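K.L.:
One structure is given below, represented as structure tokens, and several questions about it will come after.
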Amino acid sequence: MTTDAVHNLTDEALVEAIVKTNDTMLFEVLYDRYATMVYNKCYGFANGVDEAKDLTQDIFLRVFVKLASFKGKSKFSTWLYAFTYNHCVNYVTRNTAKKIEKKSISSDSIENIGEDIDSTREFDNMRVEKLKKVMELISPDEKMILLLKYQDNLSIRELSEALDIGESAVKMRLKRAKEKLVHKYDNYTKDGKSI
């Protein structure tokens, strides 16, 4: 297969070829497509550049080993987003003593969360900076599902496939995470602590 042909393969066709051949050169193409995205997600859970790079490498090593478990029920990118977030959530959970410094939640994704929450709330008026800080006060699992939905714009169906849970379970988790976020926001004081 020529270099051009490899680069023109869809993600799913590329994954299929990698699983069949175990070819690390093909995997490099997949890595090149997604390394920046994975790094950016890791950076949001890490305590700096070096830790984010380490997490990114860990994820791609695990992805190479687990690639055969991708069944094509969702797009590869959706599967990889969920894989990345799950790895980061597990990492953070194992390292609960570490203070997570969230640096990569974009203002747009924060505003997207605000737009989707019950409009009777004063959520529209929440200041983005305050909301970024409050995102750190909810659990990694809650943060993960909110970021998958509002930063990565996954649909309920895509979330269901990626997280391997029913759509009603996705909706309930999103509802609970948003409620927790609103509660933390409402109880967030000027000194940066939740009361």
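Every chain in the structure tokens has a letter given in the order shown (A, B, ...), and although residue numbers restart at 1 in each chain, ligands are simply numbered from 1 in the order shown.
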Could you build a table of the residues in stretch 1-61 of chain A lying no more than 12 Å from stretch 150-173 of chain A, giving for each the nearest pair of atoms and their separation in Å rounded to one decimal place, using only C-alpha atoms, ordered by chain and ascending residue number, as JSON lines?

P.N.:
{"residue": "A:Met37", "atom": "CA", "partner": "A:Asp152", "partner_atom": "CA", "distance": 10.4}
{"residue": "A:Val38", "atom": "CA", "partner": "A:Asp152", "partner_atom": "CA", "distance": 11.9}
{"residue": "A:Asn40", "atom": "CA", "partner": "A:Gln151", "partner_atom": "CA", "distance": 11.6}
{"residue": "A:Lys41", "atom": "CA", "partner": "A:Asp152", "partner_atom": "CA", "distance": 10.0}
{"residue": "A:Gly44", "atom": "CA", "partner": "A:Gln151", "partner_atom": "CA", "distance": 11.7}

K.L.:
Output N, CA and C atoms for every residue in that selection, as a compact mmCIF listing (two decimals), in the first residue's frame.

P.N.:
# COMPACT_ATOMS: atom_id res chain seq x y z
N MET A 37 -5.13 16.15 19.57
CA MET A 37 -6.41 16.09 20.28
C MET A 37 -6.27 15.37 21.61
N VAL A 38 -5.59 14.23 21.61
CA VAL A 38 -5.41 13.46 22.85
C VAL A 38 -4.58 14.27 23.84
N ASN A 40 -4.32 17.53 24.08
CA ASN A 40 -5.14 18.62 24.60
C ASN A 40 -6.11 18.14 25.68
N LYS A 41 -6.70 16.96 25.48
CA LYS A 41 -7.60 16.40 26.50
C LYS A 41 -6.81 16.06 27.76
N GLY A 44 -5.84 18.96 30.07
CA GLY A 44 -6.90 19.43 30.95
C GLY A 44 -6.98 18.68 32.26

K.L.:
I need the residues of stretch 36-78 of chain A that end up classed as alpha helix (DSSP H) by DSSP on the backbone, written out as a ChimeraX atom specification.

P.N.:
/A:36-43,49-66,76-78

K.L.:
Tell me, as a PyMOL selection string, which residues lie within 10 Å of A:Phe70, counting only C-alpha atoms; anything in the same chain fewer than 4 positions away does not count.

P.N.:
chain A and resi 12+15-16+19+63+66+74-76+79-80

K.L.:
Could you jot down the atom CA of A:Arg176 to atom CA of A:Ile59 separation for me, Å, one decimal place?

P.N.:
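Straight-line distance from atom CA of A:Arg176 to atom CA of A:Ile59 works out to 27.9 Å.
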
K.L.:
Compare A:Thr56, A:Ile145, A:Tyr91, A:Phe83 by their minimum atom-to-atom distance to A:Ser69, counting only C-alpha atoms, and give me the closest one.

P.N.:
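Answer, going by the shortest atom-to-atom distance: A:Phe83.
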
K.L.:
How far is it from atom CA of A:Ser139 to atom CA of A:Tyr31, in Å with one decimal?

P.N.:
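It comes out at 28.9 Å.
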
K.L.:
Could you tell me how far atom CA of A:Tyr39 sits from atom CA of A:Tyr185, in Å to one decimal place?

P.N.:
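Going from atom CA of A:Tyr185 over to atom CA of A:Tyr39, I get 27.9 Å.
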
K.L.:
Could you check the closest approach to A:Leu30 for each of A:Asn90, A:Thr78, A:Asn187, A:Thr10 and tell me which residue wins, using only C-alpha atoms?

P.N.:
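Using only C-alpha atoms, the shortest distance to A:Leu30 belongs to A:Thr10.
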